[in-house]
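*Asks:* Just protein07.cif, nothing more (mmCIF, C-alpha atoms):
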```
data_data
#
loop_
_atom_site.label_atom_id
_atom_site.label_comp_id
_atom_site.auth_asym_id
_atom_site.auth_seq_id
_atom_site.Cartn_x
_atom_site.Cartn_y
_atom_site.Cartn_z
CA MET A 11 0.00 0.00 0.00
CA THR A 12 1.08 3.59 -0.50
CA GLU A 13 0.31 6.10 2.22
CA PHE A 14 0.28 9.82 1.56
CA ILE A 15 -0.03 12.45 4.21
CA GLU A 16 -2.00 15.60 3.43
CA GLU A 17 -0.98 18.70 5.41
CA GLU A 18 -3.83 20.24 7.34
CA GLU A 19 -2.99 21.54 10.80
CA LEU A 20 -0.49 21.06 13.62
CA PHE A 21 -1.39 19.66 17.03
CA GLU A 22 0.11 20.95 20.26
CA GLU A 23 3.70 20.09 21.26
CA ASP A 24 4.85 16.56 20.35
CA ASP A 25 1.72 15.44 18.48
CA LEU A 26 2.23 14.61 14.81
CA LEU A 27 0.67 16.47 11.91
CA GLU A 28 -2.89 15.60 10.96
CA GLU A 29 -2.37 14.18 7.50
CA GLU A 30 -3.65 11.74 4.91
CA PHE A 31 -1.81 8.53 3.98
CA ILE A 32 -1.98 6.14 1.01
CA ASP A 33 -0.98 2.44 1.25
CA ASP A 34 -0.12 -0.22 -1.41
CA GLU A 35 -0.32 -4.00 -1.01
CA PRO A 36 -0.54 -6.65 -3.74
CA GLU A 37 -3.94 -8.33 -3.75
CA GLU A 38 -2.33 -11.75 -4.03
CA GLU A 39 -0.50 -11.17 -0.72
CA LEU A 40 -3.26 -9.55 1.30
CA ASP A 41 -6.99 -9.75 1.00
CA GLU A 42 -9.09 -6.58 1.25
CA LEU A 43 -9.52 -6.97 5.01
CA SER A 44 -5.75 -7.22 5.55
CA LYS A 45 -5.10 -4.15 3.38
CA GLU A 46 -7.57 -2.21 5.46
CA PHE A 47 -5.85 -3.48 8.60
CA VAL A 48 -2.47 -2.05 7.50
CA ALA A 49 -4.05 1.29 6.61
CA LYS A 50 -5.99 1.39 9.90
CA LEU A 51 -2.88 0.44 11.88
CA ILE A 52 -1.03 3.43 10.44
CA GLU A 53 -4.09 5.65 10.85
CA LYS A 54 -4.69 4.70 14.48
CA GLY A 55 -1.02 4.55 15.42
CA LEU A 56 -0.32 8.02 14.10
CA SER A 57 -3.81 9.48 14.67
CA LEU A 58 -3.99 10.33 10.99
CA PRO A 59 -6.65 9.58 8.37
CA THR A 60 -5.48 7.09 5.74
CA LEU A 61 -6.18 6.88 2.02
CA ALA A 62 -5.06 3.57 0.47
CA PHE A 63 -4.17 2.77 -3.13
CA SER A 64 -3.27 -0.74 -4.27
CA SER A 65 -2.03 0.06 -7.78
CA ALA A 66 -0.08 2.69 -9.68
CA ASP A 67 -2.94 3.02 -12.17
CA GLU A 68 -5.31 3.88 -9.35
CA LEU A 69 -2.87 6.44 -7.93
CA ARG A 70 -1.55 8.27 -11.02
CA PRO A 71 -4.71 10.24 -11.88
CA LYS A 72 -4.80 11.62 -8.32
CA LEU A 73 -1.16 12.73 -8.05
CA SER A 74 -1.82 16.33 -9.04
CA GLU A 75 -4.83 16.56 -6.69
CA LEU A 76 -3.00 15.45 -3.54
CA ASN A 77 -0.77 17.63 -1.40
CA PRO A 78 0.94 15.10 0.88
CA LYS A 79 3.23 15.85 3.77
CA ALA A 80 4.68 12.31 3.64
CA VAL A 81 4.32 9.10 1.64
CA PHE A 82 4.52 5.51 2.84
CA ILE A 83 4.90 3.07 -0.03
CA ASP A 84 5.10 -0.70 0.11
CA VAL A 85 7.59 -2.49 -2.08
CA HIS A 86 4.77 -4.53 -3.65
CA LEU A 87 1.81 -3.20 -5.63
CA THR A 88 -0.90 -5.19 -7.38
CA GLU A 89 0.89 -5.08 -10.74
CA GLY A 90 4.47 -5.17 -9.47
CA SER A 91 6.95 -3.15 -7.45
CA GLY A 92 5.92 0.22 -6.04
CA LEU A 93 9.50 1.47 -6.13
CA PRO A 94 9.41 2.82 -9.72
CA LEU A 95 6.63 5.17 -8.53
CA ILE A 96 8.97 7.01 -6.17
CA PRO A 97 10.73 9.17 -8.80
CA GLU A 98 7.38 9.88 -10.46
CA MET A 99 5.87 11.01 -7.15
CA ARG A 100 9.02 13.01 -6.35
CA GLN A 101 8.26 15.15 -9.41
CA TYR A 102 5.05 16.24 -7.70
CA TRP A 103 6.38 16.35 -4.13
CA PRO A 104 10.17 16.80 -4.08
CA TYR A 105 10.41 17.91 -0.46
CA ILE A 106 8.30 15.39 1.44
CA PRO A 107 9.49 12.25 3.23
CA PHE A 108 9.11 8.92 1.42
CA ILE A 109 9.21 5.90 3.72
CA VAL A 110 9.20 2.41 2.22
CA ILE A 111 7.32 -0.35 4.05
CA THR A 112 8.24 -3.98 3.40
CA ALA A 113 7.94 -7.44 4.85
CA ASP A 114 10.69 -8.59 2.49
CA LYS A 115 13.86 -9.61 4.34
CA SER A 116 16.07 -8.87 1.32
CA ASP A 117 18.14 -5.70 1.41
CA ASN A 118 17.96 -5.50 -2.40
CA PHE A 119 14.57 -3.77 -2.23
CA LEU A 120 15.85 -1.31 0.35
CA THR A 121 18.92 -0.45 -1.73
CA GLU A 122 16.72 0.09 -4.77
CA ALA A 123 14.24 2.17 -2.77
CA LEU A 124 16.93 4.47 -1.42
CA SER A 125 18.53 4.85 -4.87
CA ARG A 126 15.12 5.81 -6.32
CA GLY A 127 14.67 8.58 -3.78
CA ALA A 128 13.15 7.04 -0.65
CA ASP A 129 14.22 8.72 2.58
CA ASP A 130 13.78 5.80 4.97
CA PHE A 131 12.21 2.35 5.39
CA ILE A 132 10.40 0.31 7.97
CA ARG A 133 9.96 -3.46 8.03
CA LYS A 134 6.74 -5.29 8.78
CA PRO A 135 5.38 -6.04 11.24
CA ILE A 136 4.96 -2.30 11.76
CA LYS A 137 5.86 -1.11 15.24
CA ILE A 138 4.04 2.15 15.94
CA PRO A 139 6.77 3.73 18.14
CA GLU A 140 9.35 3.05 15.40
CA LEU A 141 6.99 4.39 12.72
CA LYS A 142 6.37 7.59 14.72
CA ALA A 143 10.09 8.09 15.37
CA ARG A 144 11.08 7.57 11.73
CA LEU A 145 8.34 9.86 10.44
CA GLN A 146 9.16 12.60 12.94
CA LYS A 147 12.86 12.35 12.02
CA ARG A 148 12.00 12.67 8.32
CA TRP A 149 9.83 15.72 9.05
CA ASP A 150 12.72 17.25 11.02
CA ASP A 151 15.03 16.49 8.09
CA GLN A 152 12.54 18.12 5.72
CA VAL A 153 13.03 21.47 7.43
CA GLU A 154 16.79 21.13 6.96
CA LYS A 155 16.42 20.00 3.33
CA GLN A 156 14.29 22.99 2.45
CA SER A 157 16.91 25.33 3.84
CA LEU A 158 19.68 23.89 1.65
CA SER A 159 20.60 25.82 -1.47
CA VAL A 160 19.82 24.55 -4.95
CA LEU A 161 22.48 24.87 -7.65
CA THR A 162 21.38 26.28 -11.01
CA PHE A 163 23.42 26.32 -14.20
CA ASP A 164 21.58 27.98 -17.08
CA ASP A 165 18.48 25.79 -17.46
CA ILE A 166 19.73 22.91 -15.28
CA THR A 167 18.98 22.71 -11.54
CA ILE A 168 20.61 20.32 -9.07
CA ASP A 169 18.67 19.73 -5.87
CA SER A 170 21.13 17.78 -3.73
CA ALA A 171 18.82 17.51 -0.75
CA HIS A 172 16.21 15.65 -2.77
CA HIS A 173 18.47 13.88 -5.27
CA LEU A 174 16.84 15.66 -8.22
CA LEU A 175 18.23 16.90 -11.52
CA LYS A 176 15.86 19.24 -13.37
CA GLY A 177 16.33 20.31 -16.96
CA PRO A 178 14.27 22.26 -19.48
CA VAL A 179 12.38 19.16 -20.61
CA SER A 180 12.28 16.79 -17.64
CA MET A 181 13.29 15.98 -14.10
CA ARG A 182 14.84 12.78 -12.77
CA SER A 183 15.90 11.31 -9.46
CA LEU A 184 19.62 10.76 -9.00
CA SER A 185 21.16 7.75 -7.33
CA PRO A 186 23.59 8.54 -4.50
CA THR A 187 26.53 7.83 -6.85
CA GLU A 188 25.12 10.06 -9.60
CA LEU A 189 24.49 12.83 -7.07
CA ARG A 190 28.05 12.67 -5.73
CA LEU A 191 29.40 12.80 -9.29
CA VAL A 192 27.21 15.75 -10.29
CA ASN A 193 28.09 17.65 -7.10
CA ARG A 194 31.82 17.09 -7.68
CA LEU A 195 31.50 18.38 -11.25
CA ALA A 196 29.56 21.43 -10.05
#
```
Before we go any further, please render this structure as structure tokens.

*Replies:*
Amino acid sequence: MTEFIEEEELFEEDDLLEEEFIDDEPEEELDELSKEFVAKLIEKGLSLPTLAFSSADELRPKLSELNPKAVFIDVHLTEGSGLPLIPEMRQYWPYIPFIVITADKSDNFLTEALSRGADDFIRKPIKIPELKARLQKRWDDQVEKQSLSVLTFDDITIDSAHHLLKGPVSMRSLSPTELRLVNRLA
């Protein structure tokens, strides 16, 4: 499932933002009741309303309508991996935290997720205190990221904080290696 968080209002002191999430789980792995359970777990654990999507096709038409504060995306979607969606979503929301959720024990998915622009990950079963801590850390990092300068050369922009390279025609996510290379050349 993919969880998005819509910014609405802040609570007092240490409470988290009231937001909207989206979650993605492959139907062959979880039935509808289980998908709802994951979304409700996140919703209740973070006191945030949840909006769940199980496929990229279901999500894409809504990308421009949503204004998330964070995204939780599972490695698995109905039609395949959710990881290729990360760079696409980053084009809409370059400054929000992306946290990958997976039950997969392999580090290959995590390496791929981070290289595609994810900020963090959490393994299932989801532990609410860990989820809260990781999300709060990513929100704290977001403030720092937004304060970092962006390099611009003619019609090319390098956003090191968000691993983005923007040109006159398109934008793409940079892997950590590509980002280091581009920053050294700059």

*Asks:* Any idea what the distance is between CA of Pro107 (chain A) and CA of Arg148 (chain A)?

*Replies:*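 Going from CA of Pro107 (chain A) over to CA of Arg148 (chain A), I get 5.7 Å.
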
*Asks:* How close does region 30-140 of chain A get to region 167-184 of chain A? List, as a tab-separated table, each residue of region 30-140 of chain A within 10 Å, its nearest atom pair and the distance in Å to one decimal, counting all atoms listed in the file.

*Replies:*
```
residue	atom	partner	partner_atom	distance
A:Ile96	CA	A:Ser183	CA	8.8
A:Pro97	CA	A:Ser183	CA	5.6
A:Glu98	CA	A:Arg182	CA	8.3
A:Arg100	CA	A:Ser183	CA	7.7
A:Gln101	CA	A:Met181	CA	6.9
A:Trp103	CA	A:His172	CA	9.9
A:Pro104	CA	A:His172	CA	6.3
A:Tyr105	CA	A:His172	CA	6.6
A:Ile106	CA	A:His172	CA	9.0
A:Pro107	CA	A:His172	CA	9.6
A:Ser125	CA	A:Leu184	CA	7.3
A:Arg126	CA	A:Ser183	CA	6.4
A:Gly127	CA	A:Ser183	CA	6.4
A:Ala128	CA	A:His172	CA	9.4
A:Asp129	CA	A:His172	CA	9.0
```

*Asks:* When distances are computed from only C-alpha atoms, which of A:Asn118, A:Leu145, A:Ala66, A:Val110 shows the smallest separation from Leu95 (chain A)?

*Replies:*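 Comparing A:Asn118, A:Leu145, A:Ala66, A:Val110 against Leu95 (chain A), the winner is A:Ala66.
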
*Asks:* Just how far from CA of Ile166 (chain A) is CA of Ala196 (chain A), in Å to one decimal?

*Replies:* 11.2 Å

*Asks:* In Å, how far is it from CA of Phe108 (chain A) to CA of Phe82 (chain A)?

*Replies:*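 A separation of 5.9 Å between them.
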
*Asks:* Since the input lacks atoms, please generate all heavy atoms for region 171-182 of chain A and provide them as an mmCIF file, in the coordinates of the input.

*Replies:*
```cif
data_model
loop_
_atom_site.group_PDB
_atom_site.id
_atom_site.type_symbol
_atom_site.label_atom_id
_atom_site.label_comp_id
_atom_site.auth_asym_id
_atom_site.auth_seq_id
_atom_site.Cartn_x
_atom_site.Cartn_y
_atom_site.Cartn_z
ATOM 1 N N ALA A 171 19.567 17.991 -1.905
ATOM 2 C CA ALA A 171 18.820 17.510 -0.750
ATOM 3 C C ALA A 171 17.787 16.458 -1.133
ATOM 4 O O ALA A 171 17.487 15.564 -0.355
ATOM 5 C CB ALA A 171 18.130 18.672 -0.042
ATOM 6 N N HIS A 172 17.270 16.556 -2.343
ATOM 7 C CA HIS A 172 16.210 15.650 -2.770
ATOM 8 C C HIS A 172 16.621 14.742 -3.915
ATOM 9 O O HIS A 172 15.780 14.083 -4.515
ATOM 10 C CB HIS A 172 14.951 16.442 -3.122
ATOM 11 C CG HIS A 172 14.505 17.264 -1.975
ATOM 12 N ND1 HIS A 172 14.815 18.593 -1.859
ATOM 13 C CD2 HIS A 172 13.860 16.927 -0.835
ATOM 14 C CE1 HIS A 172 14.353 19.051 -0.719
ATOM 15 N NE2 HIS A 172 13.771 18.059 -0.082
ATOM 16 N N HIS A 173 17.921 14.758 -4.232
ATOM 17 C CA HIS A 173 18.470 13.880 -5.270
ATOM 18 C C HIS A 173 17.775 14.088 -6.610
ATOM 19 O O HIS A 173 17.457 13.136 -7.310
ATOM 20 C CB HIS A 173 18.369 12.402 -4.867
ATOM 21 C CG HIS A 173 19.137 12.071 -3.641
ATOM 22 N ND1 HIS A 173 20.052 11.075 -3.596
ATOM 23 C CD2 HIS A 173 19.150 12.608 -2.401
ATOM 24 C CE1 HIS A 173 20.583 10.994 -2.397
ATOM 25 N NE2 HIS A 173 20.042 11.925 -1.662
ATOM 26 N N LEU A 174 17.534 15.363 -6.976
ATOM 27 C CA LEU A 174 16.840 15.660 -8.220
ATOM 28 C C LEU A 174 17.703 16.467 -9.170
ATOM 29 O O LEU A 174 18.430 17.366 -8.755
ATOM 30 C CB LEU A 174 15.548 16.452 -7.938
ATOM 31 C CG LEU A 174 14.468 15.741 -7.146
ATOM 32 C CD1 LEU A 174 13.330 16.701 -6.825
ATOM 33 C CD2 LEU A 174 13.942 14.545 -7.909
ATOM 34 N N LEU A 175 17.601 16.146 -10.440
ATOM 35 C CA LEU A 175 18.230 16.900 -11.520
ATOM 36 C C LEU A 175 17.105 17.358 -12.427
ATOM 37 O O LEU A 175 16.363 16.534 -12.963
ATOM 38 C CB LEU A 175 19.227 16.026 -12.285
ATOM 39 C CG LEU A 175 19.923 16.680 -13.487
ATOM 40 C CD1 LEU A 175 20.816 17.824 -13.024
ATOM 41 C CD2 LEU A 175 20.730 15.636 -14.242
ATOM 42 N N LYS A 176 16.946 18.681 -12.570
ATOM 43 C CA LYS A 176 15.860 19.240 -13.370
ATOM 44 C C LYS A 176 16.462 19.948 -14.575
ATOM 45 O O LYS A 176 17.389 20.733 -14.440
ATOM 46 C CB LYS A 176 15.033 20.233 -12.575
ATOM 47 C CG LYS A 176 14.380 19.652 -11.354
ATOM 48 C CD LYS A 176 13.686 20.732 -10.542
ATOM 49 C CE LYS A 176 13.267 20.197 -9.193
ATOM 50 N NZ LYS A 176 12.726 21.243 -8.333
ATOM 51 N N GLY A 177 15.899 19.654 -15.731
ATOM 52 C CA GLY A 177 16.330 20.310 -16.960
ATOM 53 C C GLY A 177 15.147 20.980 -17.627
ATOM 54 O O GLY A 177 14.044 20.991 -17.092
ATOM 55 N N PRO A 178 15.359 21.539 -18.810
ATOM 56 C CA PRO A 178 14.270 22.260 -19.480
ATOM 57 C C PRO A 178 13.122 21.350 -19.926
ATOM 58 O O PRO A 178 12.006 21.809 -20.088
ATOM 59 C CB PRO A 178 14.959 22.892 -20.681
ATOM 60 C CG PRO A 178 16.184 22.078 -20.906
ATOM 61 C CD PRO A 178 16.586 21.551 -19.563
ATOM 62 N N VAL A 179 13.392 20.068 -20.098
ATOM 63 C CA VAL A 179 12.380 19.160 -20.610
ATOM 64 C C VAL A 179 11.854 18.202 -19.551
ATOM 65 O O VAL A 179 10.689 17.832 -19.565
ATOM 66 C CB VAL A 179 12.945 18.347 -21.809
ATOM 67 C CG1 VAL A 179 11.917 17.368 -22.331
ATOM 68 C CG2 VAL A 179 13.413 19.282 -22.901
ATOM 69 N N SER A 180 12.707 17.789 -18.607
ATOM 70 C CA SER A 180 12.280 16.790 -17.640
ATOM 71 C C SER A 180 13.039 16.912 -16.332
ATOM 72 O O SER A 180 13.948 17.720 -16.197
ATOM 73 C CB SER A 180 12.467 15.380 -18.215
ATOM 74 O OG SER A 180 13.844 15.113 -18.380
ATOM 75 N N MET A 181 12.643 16.065 -15.397
ATOM 76 C CA MET A 181 13.290 15.980 -14.100
ATOM 77 C C MET A 181 13.493 14.499 -13.808
ATOM 78 O O MET A 181 12.685 13.669 -14.197
ATOM 79 C CB MET A 181 12.393 16.605 -13.031
ATOM 80 C CG MET A 181 12.937 16.465 -11.641
ATOM 81 S SD MET A 181 12.007 17.388 -10.398
ATOM 82 C CE MET A 181 10.416 16.605 -10.466
ATOM 83 N N ARG A 182 14.605 14.172 -13.131
ATOM 84 C CA ARG A 182 14.840 12.780 -12.770
ATOM 85 C C ARG A 182 15.498 12.711 -11.410
ATOM 86 O O ARG A 182 16.191 13.629 -10.986
ATOM 87 C CB ARG A 182 15.652 12.055 -13.827
ATOM 88 C CG ARG A 182 17.142 12.368 -13.835
ATOM 89 C CD ARG A 182 17.918 11.582 -14.885
ATOM 90 N NE ARG A 182 18.009 10.185 -14.656
ATOM 91 C CZ ARG A 182 18.990 9.590 -13.989
ATOM 92 N NH1 ARG A 182 19.961 10.298 -13.474
ATOM 93 N NH2 ARG A 182 19.007 8.281 -13.844
#
```
